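Next comes my_file26.txt, a file with compact mmCIF, C-alpha atoms.
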# COMPACT_ATOMS: atom_id res chain seq x y z
CA ALA A 1 35.75 -73.06 -40.55
CA GLN A 2 38.35 -71.67 -38.24
CA SER A 3 41.61 -73.29 -37.31
CA VAL A 4 44.83 -72.36 -35.58
CA THR A 5 48.30 -73.80 -36.04
CA GLN A 6 51.02 -73.28 -33.48
CA LEU A 7 54.42 -74.22 -34.81
CA GLY A 8 56.61 -75.82 -32.21
CA SER A 9 54.99 -77.67 -29.34
CA HIS A 10 58.06 -76.99 -27.20
CA VAL A 11 60.24 -73.90 -27.22
CA SER A 12 63.28 -73.32 -25.00
CA VAL A 13 64.96 -69.97 -24.52
CA SER A 14 67.61 -68.66 -22.18
CA GLU A 15 66.66 -66.16 -19.53
CA GLY A 16 66.94 -62.69 -21.06
CA ALA A 17 66.60 -63.94 -24.64
CA LEU A 18 63.88 -63.12 -27.12
CA VAL A 19 60.70 -65.17 -26.92
CA LEU A 20 58.94 -65.93 -30.22
CA LEU A 21 55.91 -68.20 -30.29
CA ARG A 22 54.32 -68.75 -33.68
CA CYS A 23 50.63 -68.80 -34.52
CA ASN A 24 48.98 -69.06 -37.92
CA TYR A 25 45.26 -69.05 -38.40
CA SER A 26 42.78 -69.98 -41.06
CA SER A 27 39.60 -67.98 -41.35
CA SER A 28 37.23 -67.08 -44.15
CA VAL A 29 36.07 -63.96 -42.34
CA PRO A 30 37.88 -61.28 -40.33
CA PRO A 31 39.23 -63.03 -37.26
CA TYR A 32 39.52 -62.06 -33.66
CA LEU A 33 42.77 -63.38 -32.25
CA PHE A 34 43.86 -64.10 -28.71
CA TRP A 35 46.85 -65.41 -26.81
CA TYR A 36 46.32 -67.16 -23.51
CA VAL A 37 48.81 -68.53 -20.97
CA GLN A 38 48.25 -71.51 -18.73
CA TYR A 39 50.28 -72.36 -15.65
CA PRO A 40 50.20 -75.91 -14.23
CA ASN A 41 46.85 -76.90 -12.77
CA GLN A 42 45.37 -73.53 -13.61
CA GLY A 43 42.88 -72.12 -16.07
CA LEU A 44 43.79 -69.90 -18.97
CA GLN A 45 44.74 -66.26 -18.53
CA LEU A 46 44.44 -63.75 -21.33
CA LEU A 47 47.74 -62.21 -22.45
CA LEU A 48 46.43 -60.05 -25.29
CA LYS A 49 43.80 -59.84 -28.01
CA TYR A 50 43.29 -58.42 -31.48
CA THR A 51 39.80 -57.54 -32.64
CA THR A 52 40.08 -54.44 -34.82
CA GLY A 53 42.34 -51.43 -35.16
CA ALA A 54 46.07 -51.38 -34.52
CA THR A 55 47.74 -54.54 -35.71
CA LEU A 56 50.49 -54.44 -33.08
CA VAL A 57 48.91 -55.42 -29.80
CA LYS A 58 50.54 -55.06 -26.41
CA GLY A 59 49.57 -57.33 -23.58
CA ILE A 60 50.44 -58.09 -20.02
CA ASN A 61 53.87 -59.10 -18.68
CA GLY A 62 55.72 -57.45 -21.57
CA PHE A 63 54.23 -59.62 -24.32
CA GLU A 64 53.08 -58.29 -27.66
CA ALA A 65 51.78 -59.73 -30.93
CA GLU A 66 51.36 -58.46 -34.45
CA PHE A 67 48.42 -59.31 -36.66
CA LYS A 68 49.64 -59.85 -40.24
CA LYS A 69 46.70 -60.48 -42.51
CA SER A 70 48.84 -61.21 -45.57
CA GLU A 71 50.66 -63.95 -43.67
CA THR A 72 47.62 -65.05 -41.64
CA SER A 73 49.85 -64.90 -38.58
CA PHE A 74 49.64 -63.63 -35.04
CA HIS A 75 53.03 -64.42 -33.50
CA LEU A 76 53.68 -63.69 -29.83
CA THR A 77 56.94 -62.04 -28.77
CA LYS A 78 58.68 -60.81 -25.66
CA PRO A 79 62.07 -59.07 -25.84
CA SER A 80 63.54 -60.63 -22.73
CA ALA A 81 62.42 -63.93 -21.20
CA HIS A 82 61.98 -64.27 -17.47
CA MET A 83 61.88 -67.48 -15.48
CA SER A 84 58.28 -66.78 -14.57
CA ASP A 85 57.33 -66.94 -18.28
CA ALA A 86 57.68 -70.72 -18.28
CA ALA A 87 54.17 -71.98 -19.05
CA GLU A 88 51.91 -73.29 -21.82
CA TYR A 89 50.79 -70.72 -24.38
CA PHE A 90 47.67 -71.00 -26.53
CA CYS A 91 46.65 -69.03 -29.58
CA ALA A 92 42.91 -68.83 -30.25
CA VAL A 93 40.63 -67.45 -32.95
CA SER A 94 36.98 -66.53 -33.12
CA ASP A 95 34.82 -64.38 -35.39
CA ASP A 96 31.48 -62.61 -35.64
CA PHE A 97 29.71 -65.82 -36.63
CA THR A 98 30.91 -68.13 -33.90
CA GLY A 99 29.79 -66.12 -30.91
CA ASN A 100 32.09 -66.88 -28.06
CA GLN A 101 33.31 -70.20 -29.46
CA PHE A 102 37.07 -70.14 -29.55
CA TYR A 103 39.22 -72.38 -31.70
CA PHE A 104 42.50 -73.07 -29.94
CA GLY A 105 45.86 -74.14 -31.20
CA THR A 106 47.52 -77.16 -29.67
CA GLY A 107 49.69 -75.03 -27.45
CA THR A 108 53.38 -74.28 -27.06
CA SER A 109 55.23 -75.17 -23.90
CA LEU A 110 57.82 -72.53 -23.10
CA THR A 111 60.87 -73.46 -21.04
CA VAL A 112 63.17 -70.73 -19.77
CA ILE A 113 66.73 -71.82 -19.07
CA PRO A 114 68.56 -69.93 -16.34
CA LYS B 1 35.45 -58.74 -8.47
CA ALA B 2 35.25 -62.51 -8.22
CA GLY B 3 36.49 -64.56 -11.13
CA VAL B 4 34.96 -67.61 -12.73
CA THR B 5 34.41 -70.30 -10.13
CA GLN B 6 34.28 -73.97 -10.96
CA THR B 7 33.31 -76.69 -8.54
CA PRO B 8 34.49 -79.17 -7.66
CA ARG B 9 38.18 -78.84 -8.50
CA TYR B 10 38.78 -82.58 -8.57
CA LEU B 11 36.54 -85.57 -9.17
CA ILE B 12 37.11 -89.29 -9.41
CA LYS B 13 34.32 -91.33 -10.95
CA THR B 14 33.84 -94.89 -12.11
CA ARG B 15 33.04 -95.90 -15.67
CA GLY B 16 29.32 -95.86 -16.32
CA GLN B 17 28.55 -93.24 -13.69
CA GLN B 18 27.40 -89.74 -14.45
CA VAL B 19 28.84 -86.45 -13.25
CA THR B 20 27.73 -82.84 -12.96
CA LEU B 21 30.16 -79.95 -13.01
CA SER B 22 29.28 -76.42 -11.97
CA CYS B 23 30.43 -73.02 -13.16
CA SER B 24 29.65 -69.59 -11.74
CA PRO B 25 30.59 -66.85 -14.22
CA ILE B 26 31.83 -63.38 -13.47
CA SER B 27 28.98 -61.17 -12.33
CA GLY B 28 27.25 -59.60 -15.31
CA HIS B 29 28.57 -62.11 -17.85
CA ARG B 30 25.76 -63.87 -19.67
CA SER B 31 27.84 -66.06 -21.94
CA VAL B 32 29.29 -69.28 -20.53
CA SER B 33 31.33 -71.74 -22.57
CA TRP B 34 32.74 -75.15 -21.70
CA TYR B 35 35.93 -76.74 -22.99
CA GLN B 36 37.53 -80.12 -22.56
CA GLN B 37 41.32 -80.18 -22.29
CA THR B 38 43.31 -83.38 -22.77
CA PRO B 39 46.98 -83.95 -23.60
CA GLY B 40 46.09 -85.67 -26.86
CA GLN B 41 43.30 -83.45 -28.19
CA GLY B 42 44.14 -80.12 -26.61
CA LEU B 43 41.33 -77.67 -25.92
CA GLN B 44 38.07 -78.66 -27.52
CA PHE B 45 34.87 -76.64 -27.43
CA LEU B 46 31.90 -78.37 -25.87
CA PHE B 47 29.10 -75.79 -25.90
CA GLU B 48 28.20 -72.19 -25.21
CA TYR B 49 25.19 -70.81 -23.40
CA PHE B 50 23.90 -67.28 -23.58
CA SER B 51 20.91 -66.14 -21.55
CA GLU B 52 19.88 -69.74 -20.82
CA THR B 53 19.99 -70.79 -24.49
CA GLN B 54 22.55 -73.06 -26.06
CA ARG B 55 24.02 -70.99 -28.85
CA ASN B 56 26.83 -73.23 -30.10
CA LYS B 57 27.71 -76.87 -29.69
CA GLY B 58 30.92 -78.69 -30.43
CA ASN B 59 31.40 -82.14 -31.84
CA PHE B 60 30.79 -84.25 -28.75
CA PRO B 61 28.39 -87.14 -28.22
CA GLY B 62 25.00 -86.63 -26.65
CA ARG B 63 26.34 -87.92 -23.33
CA PHE B 64 27.67 -84.42 -22.84
CA SER B 65 24.98 -81.90 -22.01
CA GLY B 66 24.69 -78.59 -20.28
CA ARG B 67 22.34 -75.93 -19.12
CA GLN B 68 22.36 -72.38 -17.89
CA PHE B 69 20.23 -70.90 -15.18
CA SER B 70 18.62 -67.47 -15.00
CA ASN B 71 21.50 -66.21 -12.84
CA SER B 72 23.93 -67.27 -15.61
CA ARG B 73 25.39 -70.12 -13.57
CA SER B 74 25.95 -73.16 -15.73
CA GLU B 75 26.24 -76.87 -15.27
CA MET B 76 27.51 -79.56 -17.56
CA ASN B 77 26.61 -83.19 -17.24
CA VAL B 78 28.35 -86.23 -18.59
CA SER B 79 26.44 -89.49 -18.47
CA THR B 80 27.72 -93.04 -18.83
CA LEU B 81 31.30 -92.01 -18.21
CA GLU B 82 34.08 -93.54 -20.25
CA LEU B 83 37.79 -93.69 -19.49
CA GLY B 84 38.38 -91.25 -22.34
CA ASP B 85 36.32 -88.61 -20.58
CA SER B 86 39.16 -88.09 -18.14
CA ALA B 87 40.20 -84.50 -18.71
CA LEU B 88 40.38 -80.99 -17.36
CA TYR B 89 37.03 -79.31 -17.97
CA LEU B 90 37.26 -75.56 -18.26
CA CYS B 91 34.49 -73.05 -18.06
CA ALA B 92 34.80 -69.54 -19.47
CA SER B 93 32.55 -66.52 -19.25
CA SER B 94 32.37 -63.48 -21.52
CA LEU B 95 30.69 -60.13 -21.22
CA ALA B 96 29.90 -59.85 -24.91
CA ASP B 97 30.72 -61.29 -28.28
CA ARG B 98 34.26 -60.55 -29.48
CA ALA B 99 35.28 -59.94 -25.88
CA GLU B 100 37.87 -62.04 -24.18
CA ALA B 101 36.87 -65.15 -22.30
CA PHE B 102 37.73 -65.41 -18.63
CA PHE B 103 38.50 -68.94 -17.57
CA GLY B 104 37.99 -70.74 -14.32
CA GLN B 105 40.63 -73.02 -12.82
CA GLY B 106 38.87 -76.07 -14.17
CA THR B 107 37.56 -79.33 -12.83
CA ARG B 108 39.93 -82.27 -13.13
CA LEU B 109 37.81 -85.36 -13.84
CA THR B 110 39.38 -88.78 -13.58
CA VAL B 111 37.38 -91.80 -14.71
CA VAL B 112 38.57 -95.15 -13.39
Re-express the file's structure as structure tokens.
Amino acid sequence: AQSVTQLGSHVSVSEGALVLLRCNYSSSVPPYLFWYVQYPNQGLQLLLKYTTGATLVKGINGFEAEFKKSETSFHLTKPSAHMSDAAEYFCAVSDDFTGNQFYFGTGTSLTVIP
Amino acid sequence: KAGVTQTPRYLIKTRGQQVTLSCSPISGHRSVSWYQQTPGQGLQFLFEYFSETQRNKGNFPGRFSGRQFSNSRSEMNVSTLELGDSALYLCASSLADRAEAFFGQGTRLTVV
């Protein structure tokens, strides 16, 4: 069975500071990993995904994530936070056997302090 | 290219009633999934349809059902509504397996 753990339900950073949102997964087969962002009263928007190939994945809005198999992690980073980054962030995992069923973490709410 | 469209955006229903939510996927996407989002439980998978067939189902009671039409549009139905069914219901469509899911804005269901 798949599962995702996001450490830290709330993260606060100053504008211009590094953003680091943590995601660890559990999977018995090679995973496909995703980060989504959700703004208030909106659906989820894909930031980036890892399926195969390069383990450092670049996404939209300056975000990137690195797949580390040995640590079963897929942490999301951004070098410099912007006020518009304030939102809820979700890590998700799927695999070849679950079709398009995604297992989501509980989310991390990012606050950016001016 | 139009995104995933969910209707209605907001619904208020009374306990015991039933409700039907609609989702129109991105053109060409044959996979449609439904999720329930609540503050306490987060995002939970309800079911996935692919080419009119339910392919996966989450751990929800039989009151929750869905279907997909030949044009890939999907509906989900919740019967005998309970207060705990109050949630944001999200629909997502995918072009293929292992591809990203594109989400609609959701339907906010409130059961009173």
Could you pull out every residue with an atom within 12 Å of (46.6, -64.1, -20.6), file coordinates, counting all atoms listed in the file, and send them as an MDAnalysis selection string? (chainID A and resid 34:39 42:49 58:64 76 85 87:92) or (chainID B and resid 100:103)
Give me the chain B side of the contact with chain A, cut-off 12 Å, one line per residue showing its nearest atom pair and distance in Å at one decimal, counting all atoms listed in the file, sorted by chain and residue number, as a tab-separated table.
residue	atom	partner	partner_atom	distance
B:Gly3	CA	A:Gly43	CA	11.1
B:Val4	CA	A:Gly43	CA	9.7
B:Thr5	CA	A:Gly43	CA	10.5
B:Gln6	CA	A:Gly43	CA	10.2
B:Arg9	CA	A:Asn41	CA	9.9
B:Tyr10	CA	A:Asn41	CA	10.7
B:His29	CA	A:Asn100	CA	11.8
B:Arg30	CA	A:Asn100	CA	10.9
B:Ser31	CA	A:Asn100	CA	7.5
B:Val32	CA	A:Asn100	CA	8.4
B:Ser33	CA	A:Gln101	CA	7.3
B:Trp34	CA	A:Gln101	CA	9.2
B:Tyr35	CA	A:Phe102	CA	9.4
B:Gln36	CA	A:Phe104	CA	11.4
B:Gln37	CA	A:Thr106	CA	10.1
B:Thr38	CA	A:Thr106	CA	10.2
B:Pro39	CA	A:Thr106	CA	9.1
B:Gly40	CA	A:Thr106	CA	9.1
B:Gln41	CA	A:Thr106	CA	7.7
B:Gly42	CA	A:Thr106	CA	5.4
B:Leu43	CA	A:Phe104	CA	6.2
B:Gln44	CA	A:Phe104	CA	7.5
B:Phe45	CA	A:Gln101	CA	6.9
B:Leu46	CA	A:Gln101	CA	9.0
B:Phe47	CA	A:Gln101	CA	7.9
B:Glu48	CA	A:Gln101	CA	6.9
B:Tyr49	CA	A:Asn100	CA	9.2
B:Phe50	CA	A:Asn100	CA	9.3
B:Gln54	CA	A:Gly99	CA	11.1
B:Arg55	CA	A:Gly99	CA	7.8
B:Asn56	CA	A:Gln101	CA	7.2
B:Lys57	CA	A:Gln101	CA	8.7
B:Gly58	CA	A:Gln101	CA	8.9
B:Ala87	CA	A:Asn41	CA	11.7
B:Leu88	CA	A:Asn41	CA	8.9
B:Tyr89	CA	A:Gly43	CA	9.5
B:Leu90	CA	A:Gly43	CA	6.9
B:Cys91	CA	A:Gly43	CA	8.7
B:Ala92	CA	A:Leu44	CA	9.0
B:Ser93	CA	A:Asn100	CA	8.8
B:Ser94	CA	A:Asn100	CA	7.4
B:Leu95	CA	A:Asn100	CA	9.7
B:Ala96	CA	A:Asn100	CA	8.0
B:Asp97	CA	A:Gly99	CA	5.6
B:Arg98	CA	A:Asn100	CA	6.8
B:Ala99	CA	A:Asn100	CA	7.9
B:Glu100	CA	A:Leu46	CA	7.4
B:Ala101	CA	A:Asn100	CA	7.7
B:Phe102	CA	A:Gln45	CA	7.1
B:Phe103	CA	A:Leu44	CA	5.6
B:Gly104	CA	A:Gly43	CA	5.4
B:Gln105	CA	A:Gly43	CA	4.1
B:Gly106	CA	A:Gly43	CA	5.9
B:Thr107	CA	A:Gly43	CA	9.5
B:Arg108	CA	A:Asn41	CA	8.8
Please write the residues from the selection above to a file, keeping C-alpha atoms, as a tab-separated table (two decimals), keeping the file's coordinate frame.
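Once everything was written out, this is selection_17.tsv:
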chain	number	residue	atom	x	y	z
B	3	GLY	CA	36.49	-64.56	-11.13
B	4	VAL	CA	34.96	-67.61	-12.73
B	5	THR	CA	34.41	-70.30	-10.13
B	6	GLN	CA	34.28	-73.97	-10.96
B	9	ARG	CA	38.18	-78.84	-8.50
B	10	TYR	CA	38.78	-82.58	-8.57
B	29	HIS	CA	28.57	-62.11	-17.85
B	30	ARG	CA	25.76	-63.87	-19.67
B	31	SER	CA	27.84	-66.06	-21.94
B	32	VAL	CA	29.29	-69.28	-20.53
B	33	SER	CA	31.33	-71.74	-22.57
B	34	TRP	CA	32.74	-75.15	-21.70
B	35	TYR	CA	35.93	-76.74	-22.99
B	36	GLN	CA	37.53	-80.12	-22.56
B	37	GLN	CA	41.32	-80.18	-22.29
B	38	THR	CA	43.31	-83.38	-22.77
B	39	PRO	CA	46.98	-83.95	-23.60
B	40	GLY	CA	46.09	-85.67	-26.86
B	41	GLN	CA	43.30	-83.45	-28.19
B	42	GLY	CA	44.14	-80.12	-26.61
B	43	LEU	CA	41.33	-77.67	-25.92
B	44	GLN	CA	38.07	-78.66	-27.52
B	45	PHE	CA	34.87	-76.64	-27.43
B	46	LEU	CA	31.90	-78.37	-25.87
B	47	PHE	CA	29.10	-75.79	-25.90
B	48	GLU	CA	28.20	-72.19	-25.21
B	49	TYR	CA	25.19	-70.81	-23.40
B	50	PHE	CA	23.90	-67.28	-23.58
B	54	GLN	CA	22.55	-73.06	-26.06
B	55	ARG	CA	24.02	-70.99	-28.85
B	56	ASN	CA	26.83	-73.23	-30.10
B	57	LYS	CA	27.71	-76.87	-29.69
B	58	GLY	CA	30.92	-78.69	-30.43
B	87	ALA	CA	40.20	-84.50	-18.71
B	88	LEU	CA	40.38	-80.99	-17.36
B	89	TYR	CA	37.03	-79.31	-17.97
B	90	LEU	CA	37.26	-75.56	-18.26
B	91	CYS	CA	34.49	-73.05	-18.06
B	92	ALA	CA	34.80	-69.54	-19.47
B	93	SER	CA	32.55	-66.52	-19.25
B	94	SER	CA	32.37	-63.48	-21.52
B	95	LEU	CA	30.69	-60.13	-21.22
B	96	ALA	CA	29.90	-59.85	-24.91
B	97	ASP	CA	30.72	-61.29	-28.28
B	98	ARG	CA	34.26	-60.55	-29.48
B	99	ALA	CA	35.28	-59.94	-25.88
B	100	GLU	CA	37.87	-62.04	-24.18
B	101	ALA	CA	36.87	-65.15	-22.30
B	102	PHE	CA	37.73	-65.41	-18.63
B	103	PHE	CA	38.50	-68.94	-17.57
B	104	GLY	CA	37.99	-70.74	-14.32
B	105	GLN	CA	40.63	-73.02	-12.82
B	106	GLY	CA	38.87	-76.07	-14.17
B	107	THR	CA	37.56	-79.33	-12.83
B	108	ARG	CA	39.93	-82.27	-13.13
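In this structure, CA of Leu81 (chain B) sits 19.7 Å away from CA of Cys23 (chain B).
If you look at CA of Phe69 (chain B) and CA of Gln18 (chain B), they are 20.2 Å away from each other.
A straight line drawn from CA of Thr108 (chain A) to CA of Ala81 (chain A) is 14.9 Å long.
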Name the residues in contact with Gly66 (chain B) at a cut-off of 6 Å, using all atoms listed in the file, excluding same-chain residues fewer than 3 positions from it; report them as a PDB file with C-alpha atoms, in the frame of the given file.
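part12.pdb was written with the following content:
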ATOM      1  CA  GLU B  75      26.240 -76.870 -15.270  1.00  0.00           C
ATOM      2  CA  MET B  76      27.510 -79.560 -17.560  1.00  0.00           C
ATOM      3  CA  ASN B  77      26.610 -83.190 -17.240  1.00  0.00           C
TER       4      ASN B  77
END
At a cut-off of 8 Å, using all atoms listed in the file, what residues contact Asn24 (chain A)? Leave out same-chain residues fewer than 5 positions from it and give the result as JSON, numbers by chain. {"A": [4, 5, 6, 71, 72, 73, 74, 75]}
Residues within 9 Å of (57.5, -75.9, -28.8), counting only C-alpha atoms, listed as a ChimeraX atom specification: /A:6-12,21,107-111
